[in-house]
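Novice: Below is query_33.txt; it holds compact mmCIF, C-alpha atoms.
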```
# COMPACT_ATOMS: atom_id res chain seq x y z
CA MET J 22 54.77 -9.25 -50.42
CA LYS J 23 56.63 -10.37 -47.28
CA ASN J 24 55.15 -7.47 -45.28
CA LEU J 25 51.67 -8.37 -46.47
CA LEU J 26 52.19 -12.01 -45.47
CA LEU J 27 53.51 -10.99 -42.06
CA LYS J 28 50.52 -8.73 -41.46
CA SER J 29 48.15 -11.53 -42.43
CA ILE J 30 49.85 -13.91 -40.00
CA LEU J 31 49.68 -11.37 -37.17
CA ILE J 32 45.99 -10.68 -37.82
CA LEU J 33 45.22 -14.40 -37.87
CA ALA J 34 47.13 -14.92 -34.62
CA ALA J 35 45.25 -12.06 -32.96
CA LEU J 36 41.93 -13.48 -34.09
CA ILE J 37 42.82 -16.90 -32.75
CA LEU J 38 44.06 -15.44 -29.46
CA ASN J 39 40.98 -13.28 -28.99
CA SER J 40 38.79 -16.21 -29.83
CA CYS J 41 40.52 -18.27 -27.17
CA TYR J 42 40.00 -15.54 -24.58
CA SER J 43 36.35 -15.25 -25.55
CA ASP J 44 35.89 -19.00 -25.30
CA LYS J 45 37.68 -18.95 -21.96
CA ASP J 46 35.40 -16.19 -20.64
CA ASP J 47 32.31 -18.00 -21.88
CA TYR J 48 33.53 -21.23 -20.34
CA GLU J 49 34.12 -19.59 -16.97
CA THR J 50 30.70 -17.94 -17.02
CA VAL J 51 28.98 -21.23 -17.83
CA SER J 52 31.09 -23.03 -15.23
CA ASN J 53 30.23 -20.47 -12.52
CA SER J 54 26.57 -20.67 -13.47
CA ILE J 55 26.58 -24.44 -13.10
CA GLU J 56 28.38 -24.16 -9.78
CA PHE J 57 25.78 -21.63 -8.58
CA GLU J 58 22.92 -23.85 -9.72
CA ASN J 59 24.45 -26.87 -7.96
CA ARG J 60 24.65 -24.83 -4.76
CA LEU J 61 20.94 -24.00 -4.95
CA ILE J 62 20.14 -27.66 -5.58
CA GLU J 63 22.23 -28.56 -2.54
CA LEU J 64 20.29 -26.09 -0.40
CA TYR J 65 16.77 -26.43 -1.75
CA GLY J 66 16.66 -29.60 -3.85
CA SER J 67 16.07 -27.55 -7.00
CA LYS J 68 16.57 -23.97 -8.10
CA THR J 69 12.87 -23.92 -8.98
CA ALA J 70 12.16 -23.73 -5.24
CA LEU J 71 13.03 -20.02 -5.41
CA ILE J 72 10.90 -19.20 -8.45
CA GLN J 73 8.06 -16.75 -7.90
CA PRO J 74 4.73 -17.40 -9.63
CA LEU J 75 3.37 -15.01 -12.24
CA GLU J 76 1.20 -12.29 -10.72
CA THR J 77 -1.79 -13.60 -12.68
CA ASP J 78 -1.34 -17.23 -11.63
CA TYR J 79 -3.66 -16.88 -8.65
CA SER J 80 -3.71 -20.58 -7.84
CA ALA J 81 0.08 -20.60 -7.42
CA ILE J 82 0.36 -17.46 -5.26
CA PRO J 83 0.32 -18.25 -1.52
CA SER J 84 -3.03 -17.07 -0.20
CA ASP J 85 -5.27 -17.15 2.84
CA LEU J 86 -7.84 -19.96 2.50
CA ASN J 87 -10.42 -17.52 3.84
CA ASN J 88 -9.58 -14.96 1.15
CA PRO J 89 -9.05 -16.68 -2.20
CA ILE J 90 -7.44 -14.49 -4.85
CA THR J 91 -9.60 -13.65 -7.86
CA GLU J 92 -9.07 -11.30 -10.78
CA ALA J 93 -12.02 -9.13 -9.77
CA LYS J 94 -10.82 -8.90 -6.18
CA VAL J 95 -7.29 -7.94 -7.27
CA GLU J 96 -8.61 -5.25 -9.61
CA LEU J 97 -10.73 -3.73 -6.83
CA GLY J 98 -7.83 -3.95 -4.38
CA LYS J 99 -5.43 -2.27 -6.78
CA LEU J 100 -7.75 0.73 -7.08
CA LEU J 101 -8.58 1.00 -3.37
CA TYR J 102 -4.89 0.67 -2.41
CA HIS J 103 -4.17 3.86 -4.38
CA GLU J 104 -7.50 5.65 -3.84
CA THR J 105 -7.32 8.96 -1.95
CA MET J 106 -11.11 9.48 -2.03
CA ILE J 107 -11.57 7.00 0.85
CA ALA J 108 -9.38 9.11 3.16
CA SER J 109 -12.50 10.96 4.31
CA ASP J 110 -11.94 10.82 8.07
CA ALA J 111 -8.61 12.65 8.33
CA ASN J 112 -7.52 14.15 11.63
CA ASN J 113 -7.57 17.61 10.07
CA THR J 114 -9.69 19.02 7.27
CA GLU J 115 -6.41 19.81 5.47
CA GLY J 116 -5.82 16.08 5.10
CA MET J 117 -9.21 15.06 3.76
CA TYR J 118 -8.97 12.97 0.57
CA THR J 119 -5.19 13.46 0.32
CA TYR J 120 -3.60 10.10 1.21
CA SER J 121 -3.90 6.38 0.52
CA CYS J 122 -2.29 3.05 1.37
CA ALA J 123 0.19 3.83 -1.39
CA SER J 124 1.32 7.01 0.40
CA CYS J 125 3.64 4.77 2.42
CA HIS J 126 3.86 1.79 0.02
CA HIS J 127 4.30 2.91 -3.57
CA ALA J 128 5.95 1.44 -6.64
CA ASP J 129 8.45 4.29 -7.06
CA ALA J 130 10.22 3.23 -3.84
CA GLY J 131 9.84 -0.52 -4.30
CA PHE J 132 6.48 -0.35 -2.48
CA GLN J 133 8.12 1.28 0.52
CA SER J 134 7.69 4.96 1.42
CA GLY J 135 10.89 6.69 0.33
CA LEU J 136 11.30 8.05 3.88
CA LYS J 137 12.70 6.75 7.15
CA GLN J 138 9.21 7.27 8.56
CA GLY J 139 6.33 7.07 6.12
CA ILE J 140 3.64 9.77 6.39
CA GLY J 141 -0.01 9.21 5.52
CA ASP J 142 -2.52 11.63 7.01
CA GLY J 143 -0.80 14.94 7.69
CA GLY J 144 1.78 14.74 4.92
CA LEU J 145 2.49 17.08 2.05
CA GLY J 146 4.38 16.47 -1.18
CA PHE J 147 5.90 13.48 -2.89
CA GLY J 148 9.13 14.37 -4.67
CA THR J 149 10.18 11.76 -7.25
CA LYS J 150 10.24 8.57 -5.16
CA GLY J 151 8.36 9.69 -2.07
CA GLU J 152 11.42 11.31 -0.54
CA GLY J 153 9.85 14.76 -0.79
CA ARG J 154 6.96 14.12 1.60
CA ILE J 155 7.00 16.42 4.64
CA LYS J 156 4.83 17.20 7.67
CA ASN J 157 1.91 19.55 7.14
CA THR J 158 2.47 22.36 9.64
CA MET J 159 -1.31 22.57 10.19
CA TYR J 160 -1.06 19.22 12.01
CA ALA J 161 -0.18 18.77 15.65
CA GLU J 162 2.36 15.98 16.22
CA SER J 163 -0.32 13.90 17.98
CA ASP J 164 -2.51 14.03 14.85
CA LEU J 165 0.23 13.13 12.38
CA ASP J 166 -0.11 9.64 10.88
CA VAL J 167 3.52 8.59 10.80
CA GLN J 168 5.24 5.21 10.98
CA PRO J 169 7.34 4.79 14.17
CA ILE J 170 10.10 2.93 12.30
CA ARG J 171 10.91 2.32 8.65
CA THR J 172 7.90 1.28 6.57
CA PRO J 173 8.21 -2.34 5.37
CA THR J 174 7.53 -3.05 1.70
CA THR J 175 4.41 -4.77 0.41
CA LEU J 176 6.48 -6.63 -2.19
CA ASN J 177 6.56 -10.39 -1.58
CA VAL J 178 4.07 -10.28 1.29
CA ALA J 179 2.54 -13.44 -0.18
CA PHE J 180 5.51 -15.28 1.34
CA GLN J 181 4.84 -13.99 4.87
CA GLN J 182 2.33 -15.32 7.38
CA VAL J 183 2.64 -12.36 9.75
CA MET J 184 3.16 -8.67 9.11
CA LEU J 185 5.12 -5.68 10.48
CA TRP J 186 8.66 -5.74 11.83
CA ASN J 187 7.45 -7.38 15.06
CA GLY J 188 5.02 -9.70 13.27
CA GLN J 189 2.06 -8.64 15.39
CA PHE J 190 -0.54 -8.98 12.62
CA GLY J 191 -1.74 -12.47 11.74
CA ALA J 192 -3.53 -15.25 13.60
CA VAL J 193 -1.49 -18.17 12.26
CA GLY J 194 2.03 -19.55 12.04
CA PRO J 195 4.45 -17.69 14.36
CA ASN J 196 1.51 -16.03 16.14
CA GLU J 197 -0.19 -19.20 17.26
CA GLY J 198 -0.17 -19.08 21.05
CA THR J 199 0.07 -15.28 21.27
CA GLN J 200 -3.66 -14.74 21.82
CA SER J 201 -3.05 -13.15 25.22
CA GLN J 202 -1.45 -10.21 23.36
CA TRP J 203 -4.44 -9.59 21.09
CA THR J 204 -5.73 -6.84 23.33
CA ASP J 205 -9.32 -5.70 22.89
CA GLY J 206 -9.65 -2.17 21.59
CA THR J 207 -6.28 -2.26 19.78
CA PRO J 208 -5.50 -2.95 16.10
CA ILE J 209 -4.00 -6.33 17.14
CA ALA J 210 -7.45 -7.48 18.29
CA ASN J 211 -8.23 -7.97 14.58
CA ASN J 212 -6.18 -11.16 14.83
CA ASN J 213 -9.28 -12.68 16.39
CA LEU J 214 -10.84 -12.69 12.91
CA GLY J 215 -8.50 -15.59 12.13
CA PHE J 216 -6.88 -14.33 8.92
CA GLU J 217 -3.20 -14.38 7.96
CA GLY J 218 -1.04 -11.31 8.43
CA VAL J 219 -1.55 -9.69 5.02
CA GLU J 220 -5.30 -9.67 5.51
CA ILE J 221 -5.15 -8.59 9.17
CA GLN J 222 -2.85 -5.66 8.42
CA ALA J 223 -5.17 -4.48 5.65
CA ILE J 224 -8.20 -4.81 7.93
CA ALA J 225 -6.50 -3.00 10.81
CA GLY J 226 -5.17 -0.35 8.46
CA MET J 227 -8.65 0.72 7.41
CA ASP J 228 -9.32 1.93 10.96
CA VAL J 229 -5.78 2.99 11.91
CA HIS J 230 -5.56 5.27 8.88
CA ARG J 231 -9.24 6.26 8.97
CA LEU J 232 -10.15 5.02 5.49
CA VAL J 233 -13.89 4.96 4.92
CA ILE J 234 -15.81 2.65 2.58
CA GLU J 235 -19.34 2.72 3.96
CA SER J 236 -20.29 6.08 2.48
CA ASN J 237 -22.61 7.02 -0.35
CA GLU J 238 -19.75 8.79 -2.09
CA VAL J 239 -17.83 5.53 -2.45
CA ILE J 240 -20.73 3.14 -3.01
CA ASN J 241 -22.50 5.34 -5.55
CA SER J 242 -19.31 5.87 -7.52
CA SER J 243 -17.91 3.39 -10.02
CA TYR J 244 -16.67 1.32 -7.07
CA LYS J 245 -20.10 -0.26 -6.66
CA ASN J 246 -19.58 -2.27 -9.83
CA PHE J 247 -16.12 -3.39 -8.70
CA PHE J 248 -17.50 -4.59 -5.36
CA ASP J 249 -20.32 -6.37 -7.18
CA ASP J 250 -17.83 -8.25 -9.36
CA ALA J 251 -15.44 -9.09 -6.52
CA PHE J 252 -18.00 -10.13 -3.89
CA SER J 253 -21.01 -11.28 -5.89
CA GLU J 254 -21.52 -14.22 -3.52
CA ILE J 255 -22.12 -11.86 -0.57
CA ASN J 256 -25.53 -10.35 0.08
CA GLU J 257 -25.74 -6.77 -1.14
CA SER J 258 -26.55 -5.52 2.35
CA GLU J 259 -23.11 -6.75 3.52
CA ARG J 260 -21.10 -6.28 0.34
CA TYR J 261 -19.83 -2.69 0.49
CA THR J 262 -17.82 -2.81 3.72
CA LYS J 263 -14.36 -1.97 4.97
CA LEU J 264 -13.81 -5.70 5.65
CA ASN J 265 -14.37 -6.60 2.01
CA ALA J 266 -12.34 -3.61 0.90
CA ALA J 267 -9.45 -4.79 3.08
CA LEU J 268 -9.70 -8.35 1.75
CA ALA J 269 -9.52 -7.00 -1.80
CA ILE J 270 -6.48 -4.87 -0.91
CA ALA J 271 -4.81 -7.93 0.64
CA ALA J 272 -5.51 -10.01 -2.47
CA TYR J 273 -3.90 -7.29 -4.60
CA GLU J 274 -0.88 -7.03 -2.28
CA ARG J 275 -0.26 -10.76 -2.63
CA THR J 276 0.23 -10.30 -6.37
CA LEU J 277 3.04 -7.74 -5.90
CA LEU J 278 5.76 -10.10 -7.06
CA PRO J 279 9.07 -8.87 -8.58
CA ASN J 280 9.15 -11.91 -10.86
CA GLN J 281 10.69 -10.04 -13.82
CA SER J 282 13.99 -9.50 -12.02
CA PRO J 283 17.14 -10.99 -13.63
CA PHE J 284 17.54 -13.62 -10.88
CA GLN J 285 13.97 -14.80 -11.40
CA LYS J 286 14.53 -14.95 -15.16
CA TRP J 287 17.74 -16.93 -14.60
CA LEU J 288 15.92 -19.34 -12.30
CA ARG J 289 13.37 -19.90 -15.06
CA GLY J 290 16.09 -20.82 -17.54
CA ASP J 291 17.35 -17.61 -19.15
CA ALA J 292 21.10 -18.25 -18.99
CA ASN J 293 21.88 -14.67 -20.11
CA ALA J 294 19.72 -12.90 -17.55
CA MET J 295 22.70 -12.35 -15.19
CA ASP J 296 26.29 -11.59 -16.10
CA ALA J 297 29.35 -13.32 -14.64
CA ASP J 298 29.74 -10.89 -11.73
CA GLU J 299 26.07 -11.22 -10.76
CA ILE J 300 26.34 -15.00 -10.83
CA GLU J 301 29.45 -14.85 -8.64
CA GLY J 302 27.66 -12.46 -6.28
CA GLY J 303 24.74 -14.86 -6.09
CA ARG J 304 27.02 -17.77 -5.35
CA LEU J 305 28.65 -15.81 -2.52
CA PHE J 306 25.19 -14.84 -1.23
CA PHE J 307 24.28 -18.51 -0.92
CA GLU J 308 27.71 -19.69 0.27
CA LYS J 309 30.41 -17.73 2.09
CA GLY J 310 28.19 -14.71 2.75
CA GLN J 311 25.71 -16.93 4.61
CA CYS J 312 22.92 -14.52 3.56
CA PHE J 313 20.68 -17.50 2.80
CA SER J 314 20.63 -18.40 6.51
CA CYS J 315 17.93 -15.75 6.94
CA HIS J 316 17.07 -14.72 3.38
CA SER J 317 15.55 -17.84 1.87
CA GLY J 318 12.50 -18.91 -0.12
CA PRO J 319 11.02 -17.17 -3.19
CA GLY J 320 10.88 -13.80 -1.39
CA LEU J 321 14.33 -14.24 0.19
CA ASN J 322 12.73 -13.68 3.58
CA ASP J 323 12.41 -16.46 6.15
CA ALA J 324 9.58 -16.63 8.66
CA ASN J 325 11.85 -15.85 11.59
CA PHE J 326 12.93 -12.90 13.72
CA HIS J 327 16.54 -11.99 14.47
CA ALA J 328 18.37 -9.54 16.72
CA LEU J 329 21.24 -7.96 14.80
CA GLY J 330 21.87 -5.01 17.09
CA MET J 331 20.71 -2.38 14.62
CA LYS J 332 19.66 1.09 15.77
CA ASP J 333 16.14 2.37 15.87
CA LEU J 334 15.80 6.08 15.09
CA GLU J 335 17.84 7.46 17.97
CA GLY J 336 20.16 10.24 16.97
CA LEU J 337 18.24 10.85 13.75
CA GLU J 338 15.85 13.65 12.92
CA VAL J 339 12.47 12.04 13.47
CA LEU J 340 8.83 13.03 13.15
CA THR J 341 7.75 11.00 16.16
CA ALA J 342 9.70 9.21 18.88
CA VAL J 343 10.01 5.42 18.94
CA ASP J 344 8.22 3.91 21.93
CA ASN J 345 9.85 1.21 24.05
CA ARG J 346 7.48 -1.50 22.87
CA THR J 347 8.42 -0.84 19.25
CA LYS J 348 12.13 -0.75 20.13
CA LYS J 349 11.91 -4.27 21.52
CA GLY J 350 10.58 -5.67 18.26
CA ARG J 351 9.18 -9.17 18.52
CA GLY J 352 9.59 -9.22 22.28
CA GLY J 353 7.61 -6.00 22.56
CA PHE J 354 4.66 -7.82 21.01
CA THR J 355 4.95 -11.28 22.58
CA GLY J 356 6.10 -10.13 26.03
CA ASN J 357 8.88 -12.74 25.90
CA SER J 358 12.15 -11.04 26.93
CA ASP J 359 14.14 -13.69 25.04
CA GLU J 360 12.68 -12.19 21.85
CA ASP J 361 13.52 -8.59 22.71
CA TYR J 362 15.19 -6.64 19.87
CA GLN J 363 14.33 -9.30 17.30
CA PHE J 364 12.90 -8.03 14.02
CA LYS J 365 11.42 -9.87 11.08
CA THR J 366 13.72 -10.74 8.18
CA PRO J 367 12.96 -8.32 5.32
CA GLN J 368 12.66 -9.38 1.70
CA LEU J 369 15.50 -8.22 -0.59
CA TYR J 370 13.96 -7.38 -3.96
CA ASN J 371 13.98 -3.87 -5.49
CA LEU J 372 16.17 -2.24 -2.88
CA LYS J 373 17.88 0.03 -5.40
CA ASP J 374 15.04 2.55 -5.12
CA VAL J 375 15.31 2.71 -1.32
CA GLY J 376 17.44 5.26 0.54
CA PHE J 377 17.36 3.75 4.03
CA PHE J 378 17.92 0.24 5.36
CA GLY J 379 17.45 -1.61 8.64
CA HIS J 380 14.25 -1.38 10.67
CA GLY J 381 15.40 2.02 11.94
CA GLY J 382 16.75 3.30 8.64
CA SER J 383 20.25 3.64 10.11
CA PHE J 384 22.02 2.47 6.94
CA GLN J 385 22.22 4.45 3.72
CA THR J 386 23.13 1.75 1.19
CA VAL J 387 22.88 -1.98 0.64
CA LYS J 388 26.69 -2.13 0.83
CA ASP J 389 26.51 -0.57 4.31
CA VAL J 390 24.30 -3.43 5.51
CA VAL J 391 26.52 -6.08 3.90
CA ALA J 392 29.59 -4.53 5.55
CA TYR J 393 27.79 -4.33 8.90
CA LYS J 394 26.89 -8.01 8.83
CA ASN J 395 30.41 -8.86 7.68
CA LYS J 396 31.93 -7.22 10.78
CA ALA J 397 29.13 -8.31 13.12
CA ILE J 398 29.72 -5.49 15.60
CA PRO J 399 26.36 -4.23 16.95
CA GLU J 400 25.72 -0.51 16.48
CA ASN J 401 23.00 -0.37 19.14
CA SER J 402 24.57 -0.52 22.59
CA GLY J 403 21.12 -0.93 24.11
CA VAL J 404 20.79 -4.49 22.82
CA PRO J 405 22.14 -6.99 25.40
CA GLN J 406 24.79 -9.36 24.07
CA ASN J 407 22.78 -12.43 25.01
CA ASN J 408 19.87 -11.22 22.85
CA LEU J 409 21.95 -11.06 19.68
CA SER J 410 21.34 -13.75 17.07
CA GLU J 411 23.78 -16.64 16.97
CA LEU J 412 23.90 -16.04 13.22
CA PHE J 413 25.34 -12.56 13.76
CA VAL J 414 29.02 -13.50 13.42
CA PRO J 415 31.94 -12.17 11.32
CA LEU J 416 31.87 -13.47 7.75
CA ASN J 417 35.45 -12.62 6.69
CA LEU J 418 34.33 -11.36 3.29
CA THR J 419 36.81 -9.35 1.25
CA GLU J 420 35.93 -5.94 -0.16
CA VAL J 421 35.53 -7.47 -3.62
CA GLU J 422 33.24 -10.19 -2.28
CA MET J 423 31.05 -7.62 -0.51
CA ASP J 424 30.83 -5.64 -3.74
CA LEU J 425 29.74 -8.73 -5.65
CA ILE J 426 27.03 -9.59 -3.10
CA THR J 427 25.84 -5.98 -3.24
CA LEU J 428 25.73 -6.17 -7.03
CA PHE J 429 23.63 -9.34 -6.89
CA ILE J 430 21.15 -7.74 -4.47
CA GLU J 431 20.88 -4.38 -6.24
CA LYS J 432 20.90 -5.58 -9.85
CA SER J 433 19.89 -9.24 -10.00
CA LEU J 434 16.98 -8.79 -7.58
CA TYR J 435 15.65 -5.66 -9.30
CA ASP J 436 12.39 -5.81 -11.25
CA ASN J 437 12.33 -2.64 -13.38
CA ASN J 438 8.66 -2.96 -14.30
CA LEU J 439 6.76 -2.50 -11.03
CA GLN J 440 4.57 0.10 -12.73
CA ARG J 441 2.51 -2.82 -14.08
CA TYR J 442 1.00 -2.99 -10.60
CA VAL J 443 -0.15 0.65 -10.64
CA PRO J 444 -3.53 1.76 -12.09
CA GLU J 445 -3.50 4.29 -14.92
CA SER J 446 -6.25 6.24 -13.19
CA LEU J 447 -8.84 5.93 -10.40
CA PRO J 448 -12.64 5.92 -10.61
CA SER J 449 -12.62 9.08 -8.49
CA GLY J 450 -10.26 10.83 -10.88
CA ASN J 451 -8.14 11.82 -7.87
CA CYS J 452 -4.39 12.21 -7.91
CA PHE J 453 -2.52 9.31 -6.31
CA PRO J 454 -0.77 8.06 -4.24
CA ASN J 455 -1.27 11.50 -2.61
CA ALA J 456 -3.66 14.27 -3.56
CA ASP J 457 -2.54 17.25 -1.46
CA TYR J 458 -1.59 20.38 -3.39
CA MET J 459 2.18 19.80 -3.14
CA SER J 460 1.95 16.17 -4.25
CA SER J 461 -0.33 17.17 -7.11
CA ASP J 462 2.41 19.52 -8.33
CA ASP J 463 5.11 16.88 -7.89
CA LEU J 464 3.06 14.21 -9.66
CA GLY J 465 1.78 16.46 -12.43
CA CYS J 466 -1.88 16.06 -11.52
CA ASN J 467 -2.77 19.73 -11.83
```
Spell out the structure here as structure tokens.
Specialist:
Amino acid sequence: MKNLLLKSILILAALILNSCYSDKDDYETVSNSIEFENRLIELYGSKTALIQPLETDYSAIPSDLNNPITEAKVELGKLLYHETMIASDANNTEGMYTYSCASCHHADAGFQSGLKQGIGDGGLGFGTKGEGRIKNTMYAESDLDVQPIRTPTTLNVAFQQVMLWNGQFGAVGPNEGTQSQWTDGTPIANNNLGFEGVEIQAIAGMDVHRLVIESNEVINSSYKNFFDDAFSEINESERYTKLNAALAIAAYERTLLPNQSPFQKWLRGDANAMDADEIEGGRLFFEKGQCFSCHSGPGLNDANFHALGMKDLEGLEVLTAVDNRTKKGRGGFTGNSDEDYQFKTPQLYNLKDVGFFGHGGSFQTVKDVVAYKNKAIPENSGVPQNNLSELFVPLNLTEVEMDLITLFIEKSLYDNNLQRYVPESLPSGNCFPNADYMSSDDLGCN
């Protein structure tokens, strides 16, 4: 009887003790969450300032006044963005109808390319996340359509006024006053159309990547009905054009919002969307880590350019060399030497599916970038000291703190349902995002 009583007392004590620990853990989690929320209120007035709109709430998504977002336009843009049938002017017959916008910006790699240098025309294969794409040996290097530095994502472009690492596309915001650089006969001359960067990049891309809309094959296919729905207010004689196709693609790109990520759910009131470590990582991101100094707003990307002394592609196996203008980043576009080696702040969502970081792809993991910024020692000796950003200073983060910030970026900012932005099939019936024979095997299109 005594033994039974003793056992009962011990069990009761254990239950009480465990309950206390559980309450303590819950209390600390709630306390940290409140502290994190108060920090966001201190910075932005309200944590709602970082909330992304739903992808179907077109009135809430930042848009170009000259290109209002509509459901019909987004649907057309989604199809054209992935359509390989419009790649009918390839540099080599081997590349005809084999690539699309999504060759370098696809959902499997967080709408990046999966490579250090994305390949459109002249590429073969896909792999699982785009990492398996290689150069077609039938192509001369001069004919290969390859990105000179790492392909930026099309996620969160709605929160950017200008596009590309140097911000050269776009007629507004940071590019006001740069008209002297909009050289006739170059893709940048499209800035004269007056659109924002998302639209200008899409317009320029139609020519740069030789995507053709004005052909009977496209117009007489099911795409005619999509153009009719999206641009019914435009006369039929001017409706089926590359300009309208580009505007539809831009409208679609603006809806690519990772708003189902845990951080976004937490911002909208789901207290259980992030665990205690993620919350602590977020707090460090917006406090000691000083990440918010550049990564702010709903896309965690400011509208500025910074020189952090990162490498381009030197010393790496590359498909094409990086020209000096590209190396100089913002300064290479504006001609202002004070802006040399500055590059646009990238957004931070869905980085877990990416294998390379920095504009030159010189980092392998998110943790590598966090550690680099923590030490603040430039890796590119070619960047003059006086060009480096004043924000590029040692942060004195511990190893644990860097791990927590990395966790927040990789897990809390990860939307695991980007496939909702991908069509089930195309009117052409073609394989996508690539339709060459190797990609067709990789993607199971055969």
Novice: For Leu71 of chain J, which of J:Gly148, J:Gly143, J:Gly381, J:Gly320 is the closest residue, counting all atoms listed in the file?
Specialist: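 Of J:Gly148, J:Gly143, J:Gly381, J:Gly320, the one nearest Leu71 of chain J, counting all atoms listed in the file, is J:Gly320.
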Novice: Just how far from atom CA of Gln440 of chain J is atom CA of Ala271 of chain J, in Å to one decimal?
Specialist: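 About the pair atom CA of Ala271 of chain J and atom CA of Gln440 of chain J: they are 18.2 Å apart.
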Novice: Just checking: using all atoms listed in the file, which residue out of J:Asp110, J:Glu63, J:Glu274, J:Glu220 ends up closest to His126 of chain J?
Specialist: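 Among the listed residues, the smallest separation from His126 of chain J belongs to J:Glu274.
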Novice: So, counting all atoms listed in the file, which residue among J:Glu238, J:Thr172, J:His327, J:Ala223 is closest to Tyr118 of chain J?
Specialist: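 Among J:Glu238, J:Thr172, J:His327, J:Ala223, it is J:Glu238 that comes nearest to Tyr118 of chain J.
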Novice: Within 12 Å of Ser402 of chain J, counting only C-alpha atoms, which residues qualify if same-chain residues fewer than 2 places away don't, as a compact mmCIF listing (two decimals) with C-alpha atoms, in the frame of the given file?
Specialist:
```txt
# COMPACT_ATOMS: atom_id res chain seq x y z
CA LEU J 329 21.24 -7.96 14.80
CA GLY J 330 21.87 -5.01 17.09
CA MET J 331 20.71 -2.38 14.62
CA LYS J 332 19.66 1.09 15.77
CA ASP J 333 16.14 2.37 15.87
CA GLU J 335 17.84 7.46 17.97
CA TYR J 362 15.19 -6.64 19.87
CA ILE J 398 29.72 -5.49 15.60
CA PRO J 399 26.36 -4.23 16.95
CA GLU J 400 25.72 -0.51 16.48
CA VAL J 404 20.79 -4.49 22.82
CA PRO J 405 22.14 -6.99 25.40
CA GLN J 406 24.79 -9.36 24.07
CA ASN J 408 19.87 -11.22 22.85
CA LEU J 409 21.95 -11.06 19.68
```
Novice: Write segment 95-107 of chain J as a compact mmCIF listing (two decimals), in the frame of the given file, completed to N, CA and C atoms.
Specialist:
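File produced: out.txt:
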```
# COMPACT_ATOMS: atom_id res chain seq x y z
N VAL J 95 -8.57 -8.62 -7.09
CA VAL J 95 -7.29 -7.94 -7.27
C VAL J 95 -7.49 -6.58 -7.94
N GLU J 96 -8.36 -6.51 -8.91
CA GLU J 96 -8.61 -5.25 -9.61
C GLU J 96 -9.20 -4.22 -8.65
N LEU J 97 -10.16 -4.64 -7.83
CA LEU J 97 -10.73 -3.73 -6.83
C LEU J 97 -9.66 -3.31 -5.84
N GLY J 98 -8.88 -4.26 -5.36
CA GLY J 98 -7.83 -3.95 -4.38
C GLY J 98 -6.80 -2.99 -4.92
N LYS J 99 -6.42 -3.15 -6.18
CA LYS J 99 -5.43 -2.27 -6.78
C LYS J 99 -5.92 -0.82 -6.78
N LEU J 100 -7.19 -0.62 -7.06
CA LEU J 100 -7.75 0.73 -7.08
C LEU J 100 -7.87 1.31 -5.67
N LEU J 101 -8.40 0.52 -4.74
CA LEU J 101 -8.58 1.00 -3.37
C LEU J 101 -7.24 1.29 -2.69
N TYR J 102 -6.23 0.50 -2.99
CA TYR J 102 -4.89 0.67 -2.41
C TYR J 102 -4.34 2.05 -2.75
N HIS J 103 -4.69 2.56 -3.93
CA HIS J 103 -4.17 3.86 -4.38
C HIS J 103 -5.18 4.99 -4.23
N GLU J 104 -6.41 4.67 -3.84
CA GLU J 104 -7.50 5.65 -3.84
C GLU J 104 -7.42 6.63 -2.67
N THR J 105 -7.35 7.91 -2.98
CA THR J 105 -7.32 8.96 -1.95
C THR J 105 -8.73 9.40 -1.55
N MET J 106 -9.75 9.08 -2.35
CA MET J 106 -11.11 9.48 -2.03
C MET J 106 -11.61 8.85 -0.73
N ILE J 107 -11.08 7.67 -0.36
CA ILE J 107 -11.57 7.00 0.85
C ILE J 107 -10.94 7.54 2.12
```
